[in-house]
$ cat run_24.txt   # compact mmCIF, C-alpha atoms (C1' of nucleotides)
# COMPACT_ATOMS: atom_id res chain seq x y z
CA MET A 9 77.68 93.78 132.44
CA MET A 10 79.77 94.16 129.32
CA LYS A 11 82.21 91.47 128.25
CA ILE A 12 85.02 93.00 126.17
CA ALA A 13 87.52 90.69 124.47
CA THR A 14 90.55 90.90 122.21
CA TRP A 15 91.86 88.16 119.92
CA ASN A 16 94.59 88.07 117.28
CA VAL A 17 92.96 85.49 114.97
CA ASN A 18 95.77 85.25 112.36
CA SER A 19 93.39 85.36 109.34
CA ILE A 20 89.63 85.70 109.91
CA ARG A 21 88.77 83.55 106.88
CA THR A 22 90.90 80.58 108.02
CA ARG A 23 89.72 81.06 111.61
CA MET A 24 85.94 81.40 111.10
CA HIS A 25 85.19 77.95 112.56
CA ALA A 26 87.15 78.70 115.75
CA VAL A 27 85.81 82.26 115.98
CA THR A 28 82.12 81.35 115.63
CA LYS A 29 82.53 78.52 118.16
CA TRP A 30 84.18 80.87 120.65
CA LEU A 31 81.60 83.64 120.09
CA SER A 32 78.76 81.27 120.92
CA GLU A 33 80.56 79.87 124.01
CA ALA A 34 81.93 83.10 125.48
CA SER A 35 79.19 85.47 124.20
CA PRO A 36 81.33 88.62 124.41
CA ASP A 37 79.49 91.93 123.93
CA VAL A 38 82.47 93.54 122.20
CA VAL A 39 85.33 91.85 120.36
CA CYS A 40 88.53 93.44 119.09
CA LEU A 41 90.16 91.34 116.37
CA GLN A 42 93.68 91.66 114.97
CA GLU A 43 95.47 90.17 111.97
CA ILE A 44 92.23 89.61 110.08
CA LYS A 45 94.31 89.52 106.87
CA ALA A 46 91.28 90.58 104.86
CA THR A 47 89.85 93.57 103.02
CA GLU A 48 86.29 94.94 102.98
CA GLU A 49 85.80 92.77 99.87
CA ASN A 50 86.65 89.41 101.41
CA PHE A 51 85.82 89.88 105.11
CA PRO A 52 82.95 87.56 106.21
CA PHE A 53 80.55 90.33 107.29
CA MET A 54 77.37 88.31 106.66
CA GLU A 55 78.36 85.33 108.81
CA ILE A 56 79.38 87.49 111.78
CA GLU A 57 76.42 89.85 111.51
CA ALA A 58 74.16 86.77 111.49
CA LEU A 59 75.48 86.01 115.00
CA GLY A 60 74.14 89.34 116.24
CA TYR A 61 77.17 91.60 115.89
CA ASN A 62 77.67 94.98 114.27
CA VAL A 63 81.03 94.96 112.48
CA GLU A 64 83.54 97.64 111.51
CA ILE A 65 86.97 96.90 110.07
CA VAL A 66 90.16 98.50 108.83
CA GLY A 67 91.25 95.97 106.21
CA GLN A 68 94.42 95.26 104.26
CA LYS A 69 95.28 92.64 101.66
CA SER A 70 97.30 89.67 103.02
CA TYR A 71 98.67 91.35 106.15
CA ASN A 72 97.53 93.08 109.35
CA GLY A 73 93.92 94.30 109.53
CA VAL A 74 91.79 95.01 112.61
CA ALA A 75 88.08 94.80 113.40
CA VAL A 76 85.64 95.57 116.16
CA LEU A 77 82.44 93.56 116.70
CA SER A 78 79.66 94.77 118.99
CA LYS A 79 76.22 93.53 119.96
CA ARG A 80 75.32 97.17 120.73
CA PRO A 81 75.36 99.81 117.98
CA PHE A 82 78.44 101.92 117.40
CA GLU A 83 78.00 105.57 118.31
CA GLU A 84 81.33 106.67 116.89
CA ILE A 85 84.08 105.02 114.82
CA ARG A 86 87.67 106.15 114.24
CA LYS A 87 89.75 104.32 111.64
CA GLY A 88 93.55 104.54 111.81
CA LEU A 89 95.94 105.77 114.49
CA PRO A 90 96.54 109.53 114.15
CA GLY A 91 100.03 110.95 113.75
CA ASP A 92 101.26 109.73 110.33
CA ASP A 93 99.21 110.25 107.18
CA ASN A 94 101.67 108.09 105.23
CA ASP A 95 101.16 104.98 107.39
CA GLU A 96 99.47 102.43 105.10
CA GLN A 97 99.29 99.57 107.59
CA ALA A 98 95.88 98.58 109.01
CA ARG A 99 96.52 98.42 112.75
CA TYR A 100 93.98 100.59 114.60
CA ILE A 101 90.21 101.02 114.93
CA GLU A 102 88.32 102.71 117.76
CA ALA A 103 84.63 102.78 118.71
CA VAL A 104 82.27 104.31 121.26
CA ILE A 105 79.51 102.03 122.57
CA THR A 106 76.94 102.52 125.34
CA GLY A 107 76.40 99.81 127.95
CA ASP A 108 73.55 99.50 130.47
CA ARG A 109 75.10 102.09 132.79
CA LEU A 110 77.85 103.94 130.93
CA PRO A 111 79.23 104.76 127.52
CA PHE A 112 82.73 103.46 126.91
CA ARG A 113 85.41 103.74 124.25
CA VAL A 114 87.28 100.70 122.97
CA ALA A 115 90.22 100.37 120.57
CA SER A 116 91.45 97.33 118.63
CA ILE A 117 95.24 97.63 118.43
CA TYR A 118 97.73 95.61 116.38
CA LEU A 119 101.06 97.06 117.44
CA PRO A 120 103.93 96.30 115.02
CA ASN A 121 106.08 93.23 115.79
CA GLY A 122 109.31 95.13 115.14
CA ASN A 123 111.68 92.25 114.36
CA PRO A 124 114.45 92.24 113.36
CA ALA A 125 115.81 94.77 115.84
CA PRO A 126 117.58 97.04 115.35
CA GLY A 127 116.42 98.08 111.87
CA PRO A 128 113.64 99.90 110.00
CA LYS A 129 110.93 97.58 111.29
CA TYR A 130 111.97 98.27 114.88
CA ASP A 131 112.06 102.02 114.18
CA TYR A 132 108.49 101.74 112.84
CA LYS A 133 107.44 99.92 116.01
CA LEU A 134 108.92 102.60 118.27
CA ASP A 135 107.36 105.40 116.19
CA TRP A 136 104.00 103.64 116.34
CA MET A 137 104.27 103.36 120.14
CA ASP A 138 105.00 107.09 120.34
CA ARG A 139 101.90 107.80 118.25
CA LEU A 140 99.82 105.51 120.48
CA GLU A 141 101.10 107.29 123.58
CA SER A 142 100.22 110.66 122.11
CA HIS A 143 96.73 109.51 121.09
CA ALA A 144 96.09 107.81 124.45
CA ARG A 145 97.09 110.99 126.28
CA GLY A 146 94.36 112.84 124.38
CA LEU A 147 91.74 110.13 125.02
CA LEU A 148 92.47 110.08 128.76
CA LYS A 149 91.56 113.79 128.96
CA PHE A 150 87.94 112.77 128.26
CA GLU A 151 87.95 111.03 131.68
CA GLU A 152 85.70 108.29 130.32
CA ALA A 153 85.76 104.51 130.47
CA LEU A 154 88.43 103.52 127.94
CA VAL A 155 89.67 100.03 127.00
CA LEU A 156 92.72 99.87 124.74
CA ALA A 157 92.67 96.23 123.69
CA GLY A 158 94.90 94.27 121.40
CA ASP A 159 98.05 92.50 120.38
CA TYR A 160 100.70 94.90 121.72
CA ASN A 161 103.63 92.70 120.68
CA VAL A 162 105.13 93.70 124.04
CA ILE A 163 106.17 91.30 126.81
CA PRO A 164 105.86 93.62 129.82
CA GLU A 165 108.04 91.75 132.32
CA ALA A 166 110.25 88.70 132.81
CA LYS A 167 107.36 86.84 134.47
CA ASP A 168 105.46 87.10 131.16
CA VAL A 169 107.86 84.93 129.12
CA TYR A 170 108.90 81.29 129.58
CA ALA A 171 112.64 81.97 129.13
CA PRO A 172 113.49 85.69 129.48
CA SER A 173 117.17 85.11 128.69
CA GLU A 174 116.25 83.87 125.18
CA TRP A 175 114.28 87.05 124.40
CA LEU A 176 116.79 89.78 125.20
CA THR A 177 117.38 90.67 121.53
CA GLU A 178 113.74 90.28 120.45
CA ALA A 179 111.76 93.41 119.56
CA LEU A 180 108.94 92.20 121.84
CA TYR A 181 111.12 92.23 124.95
CA MET A 182 113.98 94.68 124.37
CA PRO A 183 114.45 97.30 127.10
CA GLN A 184 113.39 100.21 124.86
CA THR A 185 110.16 98.38 123.96
CA ARG A 186 109.29 97.72 127.58
CA ALA A 187 110.24 101.27 128.58
CA LYS A 188 107.79 102.71 126.03
CA PHE A 189 105.08 100.35 127.29
CA ARG A 190 105.70 101.55 130.87
CA THR A 191 105.51 105.15 129.65
CA LEU A 192 102.09 104.35 128.17
CA LEU A 193 100.94 102.90 131.50
CA GLY A 194 102.40 105.95 133.23
CA LEU A 195 99.82 108.16 131.51
CA GLY A 196 97.31 106.64 133.91
CA LEU A 197 96.41 103.33 132.32
CA THR A 198 96.17 100.04 134.21
CA GLU A 199 96.67 96.56 132.81
CA ALA A 200 93.50 94.57 133.47
CA PHE A 201 95.71 91.51 133.93
CA GLU A 202 97.78 93.14 136.67
CA GLN A 203 94.69 94.30 138.52
CA MET A 204 92.88 90.94 138.36
CA ASP A 205 95.61 88.26 138.20
CA GLY A 206 99.21 89.36 137.77
CA ARG A 207 100.69 85.88 138.28
CA ALA A 208 103.73 84.66 136.34
CA GLY A 209 103.35 82.28 133.42
CA GLN A 210 99.90 83.39 132.21
CA TYR A 211 100.54 83.41 128.47
CA THR A 212 98.43 84.53 125.48
CA PHE A 213 100.66 83.40 122.57
CA TRP A 214 102.51 80.21 121.73
CA ASP A 215 104.51 79.96 118.49
CA TYR A 216 103.42 77.35 115.93
CA GLN A 217 107.04 76.15 115.80
CA ARG A 218 109.15 73.89 117.98
CA GLY A 219 106.19 72.48 119.93
CA ALA A 220 105.88 75.75 121.85
CA TRP A 221 102.28 74.98 122.90
CA GLN A 222 103.02 71.42 124.00
CA ASN A 223 106.01 72.65 126.03
CA ASN A 224 104.13 75.71 127.35
CA GLU A 225 106.76 78.01 125.91
CA GLY A 226 104.51 81.05 125.71
CA ILE A 227 104.54 84.81 126.09
CA ARG A 228 101.95 87.33 127.31
CA ILE A 229 101.54 90.01 124.63
CA ASP A 230 97.76 90.51 124.33
CA HIS A 231 96.60 93.16 126.77
CA LEU A 232 93.65 95.24 127.97
CA LEU A 233 94.80 98.70 129.09
CA LEU A 234 92.21 100.56 131.17
CA SER A 235 91.54 104.18 132.04
CA PRO A 236 90.75 104.78 135.75
CA GLN A 237 87.01 104.84 134.94
CA ALA A 238 87.32 101.40 133.27
CA ALA A 239 89.63 99.97 135.94
CA ASP A 240 87.11 100.95 138.64
CA ASN A 241 84.47 98.84 136.94
CA ILE A 242 86.24 95.61 135.97
CA VAL A 243 84.82 92.57 137.75
CA LYS A 244 86.48 89.65 135.93
CA PHE A 245 89.46 88.88 133.71
CA GLU A 246 90.00 85.67 131.71
CA ILE A 247 92.53 84.20 129.27
CA HIS A 248 90.73 81.65 127.07
CA LYS A 249 93.67 79.29 126.84
CA HIS A 250 91.54 76.31 125.77
CA THR A 251 91.11 77.74 122.26
CA ARG A 252 94.80 77.00 121.56
CA ASP A 253 93.88 73.28 121.64
CA GLY A 254 91.19 73.43 118.94
CA ILE A 255 91.25 72.49 115.25
CA LYS A 256 93.43 74.93 113.30
CA PRO A 257 94.00 77.26 116.27
CA SER A 258 95.33 80.79 116.11
CA ASP A 259 98.76 81.18 117.70
CA HIS A 260 97.10 83.72 120.05
CA VAL A 261 94.20 83.07 122.48
CA PRO A 262 91.39 85.47 123.44
CA VAL A 263 91.65 87.69 126.51
CA MET A 264 88.37 88.97 128.02
CA GLY A 265 87.37 91.44 130.71
CA THR A 266 83.89 91.79 132.26
CA PHE A 267 82.92 95.34 133.18
CA ASP A 268 80.03 96.86 135.12
CA PHE A 269 79.34 99.44 132.42
C1' DA B 24 124.09 78.01 113.86
C1' DT B 25 120.17 75.89 111.77
C1' DG B 26 115.54 74.66 111.23
C1' DG B 27 111.41 74.17 112.90
C1' DT B 28 105.24 76.10 111.47
C1' DC B 29 101.65 78.74 109.77
C1' DG B 30 98.91 82.16 106.29
C1' DC B 31 98.66 84.46 102.06
C1' DG B 32 98.65 83.27 97.54
C1' DT B 33 101.09 80.64 94.55
C1' DA B 34 107.26 83.06 95.62
C1' DG B 35 108.75 84.58 99.30
C1' DC B 36 107.55 87.61 103.09
C1' DG B 37 105.83 88.28 107.79
C1' DA B 38 105.26 86.42 112.25

$ encode --input "run_24.txt" --output "structure tokens"
Amino acid sequence: MMKIATWNVNSIRTRMHAVTKWLSEASPDVVCLQEIKATEENFPFMEIEALGYNVEIVGQKSYNGVAVLSKRPFEEIRKGLPGDDNDEQARYIEAVITGDRLPFRVASIYLPNGNPAPGPKYDYKLDWMDRLESHARGLLKFEEALVLAGDYNVIPEAKDVYAPSEWLTEALYMPQTRAKFRTLLGLGLTEAFEQMDGRAGQYTFWDYQRGAWQNNEGIRIDHLLLSPQAADNIVKFEIHKHTRDGIKPSDHVPVMGTFDF
DNA sequence: ATGGTCGCGTAGCGA
């Protein structure tokens, strides 16, 4: 079995205590991290490698940044989302890993937030989603187990937000955002959450402001998107909500799938 | 309508 998780940690250096605690409790085989807010120079490689993980990152100073951790060796690494050579933002890394039964491909995705919308930041978000769709279409042609994991900054449906009416003008929930997300799914991807749970009110993010956590005013924006070969092999899906209660928590919580790979 | 909280890095931006 392979446990594959995604977590937007909102700074790896500030979050190391929470991350190491969670790694030892949940013992994921593969972890996709977002918003590491670190470069190759200041990422804590030694501490994470000491816990038994291979580590690859796409870093950036102060903002963004993604990483993939794996107990198994990486057979292939791709850094950056194809489709725009001028894109400087660190938001995509992809790896191929072999499990007990099957090789699989996993991506750590930090999709742009896009606020305020409309505007240049929203245009960048929509362009990025088009590039992701194009790249995913190519990956699906391999007909292999594929897990596109990350912070999508997309609330798929009304059931995934505490107060849909308050989010109508937010880049995370606007109709065009959700339409592009559905187009991505339409390529032949399945949300692990929808296959295993699908219930309303299962959130992965609560804002630091306004007592959002205490009032359970959350949204579900961290997703595992699966190719048919991955969807056929998922046996468990979990949202590790308890981590939002810890000391200096991230505003996101980990999401983890267990696969018979 | 405003302000409310974090993280980075030490002002103000991004979320």

$ closest_atom_pairs --input "run_24.txt" --of "chain B" --to "chain A" --cutoff "7 Å" --atoms "all atoms listed in the file" --output "JSON lines"
{"residue": "B:DG27", "atom": "C1'", "partner": "A:Arg218", "partner_atom": "CA", "distance": 5.6}
{"residue": "B:DT28", "atom": "C1'", "partner": "A:Gln217", "partner_atom": "CA", "distance": 4.7}
{"residue": "B:DC29", "atom": "C1'", "partner": "A:Tyr216", "partner_atom": "CA", "distance": 6.6}
{"residue": "B:DC31", "atom": "C1'", "partner": "A:Ser70", "partner_atom": "CA", "distance": 5.5}

$ write_last_selection --input "run_24.txt" --atoms "C-alpha atoms (C1' of nucleotides)" --output "PDB file, keeping the file's coordinate frame"
ATOM      1  C1'  DG B  27     111.410  74.170 112.900  1.00  0.00           C
ATOM      2  C1'  DT B  28     105.240  76.100 111.470  1.00  0.00           C
ATOM      3  C1'  DC B  29     101.650  78.740 109.770  1.00  0.00           C
ATOM      4  C1'  DC B  31      98.660  84.460 102.060  1.00  0.00           C
TER       5       DC B  31
END

$ residues_around --input "run_24.txt" --residues "A:Asp108" --least-positions-apart "6" --cutoff "9 Å" --atoms "all atoms listed in the file" --output "ChimeraX atom specification"
/A:9-10,268-269

$ atom_distance --input "run_24.txt" --atom1 "atom C1' of B:DT25" --atom2 "atom CA of A:Val162"
26.3 Å

$ residues_around --input "run_24.txt" --residues "stretch 229-240 of chain A" --least-positions-apart "5" --cutoff "6 Å" --atoms "only C-alpha atoms (C1' of nucleotides)" --output "PyMOL selection string"
chain A and resi 152-163+197-200

$ atom_distance --input "run_24.txt" --atom1 "atom CA of A:Val263" --atom2 "atom CA of A:Leu176"
25.3 Å

$ atom_distance --input "run_24.txt" --atom1 "atom CA of A:Gly60" --atom2 "atom CA of A:Asp253"
26.0 Å

$ closest_residue --input "run_24.txt" --among "A:Gln68, A:Asn241, A:Asn94, A:Thr251" --to "A:Arg23" --atoms "all atoms listed in the file"
A:Thr251

$ residues_around --input "run_24.txt" --residues "stretch 84-92 of chain A" --least-positions-apart "3" --cutoff "10 Å" --atoms "only C-alpha atoms (C1' of nucleotides)" --output "MDAnalysis selection string"
chainID A and resid 64:66 74:76 81 95:105 113:115 117 135:136 138:140 142:143

$ write_last_selection --input "run_24.txt" --atoms "C-alpha atoms" --output "mmCIF file, keeping the file's coordinate frame"
data_model
loop_
_atom_site.group_PDB
_atom_site.id
_atom_site.type_symbol
_atom_site.label_atom_id
_atom_site.label_comp_id
_atom_site.auth_asym_id
_atom_site.auth_seq_id
_atom_site.Cartn_x
_atom_site.Cartn_y
_atom_site.Cartn_z
ATOM 1 C CA GLU A 64 83.540 97.640 111.510
ATOM 2 C CA ILE A 65 86.970 96.900 110.070
ATOM 3 C CA VAL A 66 90.160 98.500 108.830
ATOM 4 C CA VAL A 74 91.790 95.010 112.610
ATOM 5 C CA ALA A 75 88.080 94.800 113.400
ATOM 6 C CA VAL A 76 85.640 95.570 116.160
ATOM 7 C CA PRO A 81 75.360 99.810 117.980
ATOM 8 C CA ASP A 95 101.160 104.980 107.390
ATOM 9 C CA GLU A 96 99.470 102.430 105.100
ATOM 10 C CA GLN A 97 99.290 99.570 107.590
ATOM 11 C CA ALA A 98 95.880 98.580 109.010
ATOM 12 C CA ARG A 99 96.520 98.420 112.750
ATOM 13 C CA TYR A 100 93.980 100.590 114.600
ATOM 14 C CA ILE A 101 90.210 101.020 114.930
ATOM 15 C CA GLU A 102 88.320 102.710 117.760
ATOM 16 C CA ALA A 103 84.630 102.780 118.710
ATOM 17 C CA VAL A 104 82.270 104.310 121.260
ATOM 18 C CA ILE A 105 79.510 102.030 122.570
ATOM 19 C CA ARG A 113 85.410 103.740 124.250
ATOM 20 C CA VAL A 114 87.280 100.700 122.970
ATOM 21 C CA ALA A 115 90.220 100.370 120.570
ATOM 22 C CA ILE A 117 95.240 97.630 118.430
ATOM 23 C CA ASP A 135 107.360 105.400 116.190
ATOM 24 C CA TRP A 136 104.000 103.640 116.340
ATOM 25 C CA ASP A 138 105.000 107.090 120.340
ATOM 26 C CA ARG A 139 101.900 107.800 118.250
ATOM 27 C CA LEU A 140 99.820 105.510 120.480
ATOM 28 C CA SER A 142 100.220 110.660 122.110
ATOM 29 C CA HIS A 143 96.730 109.510 121.090
#
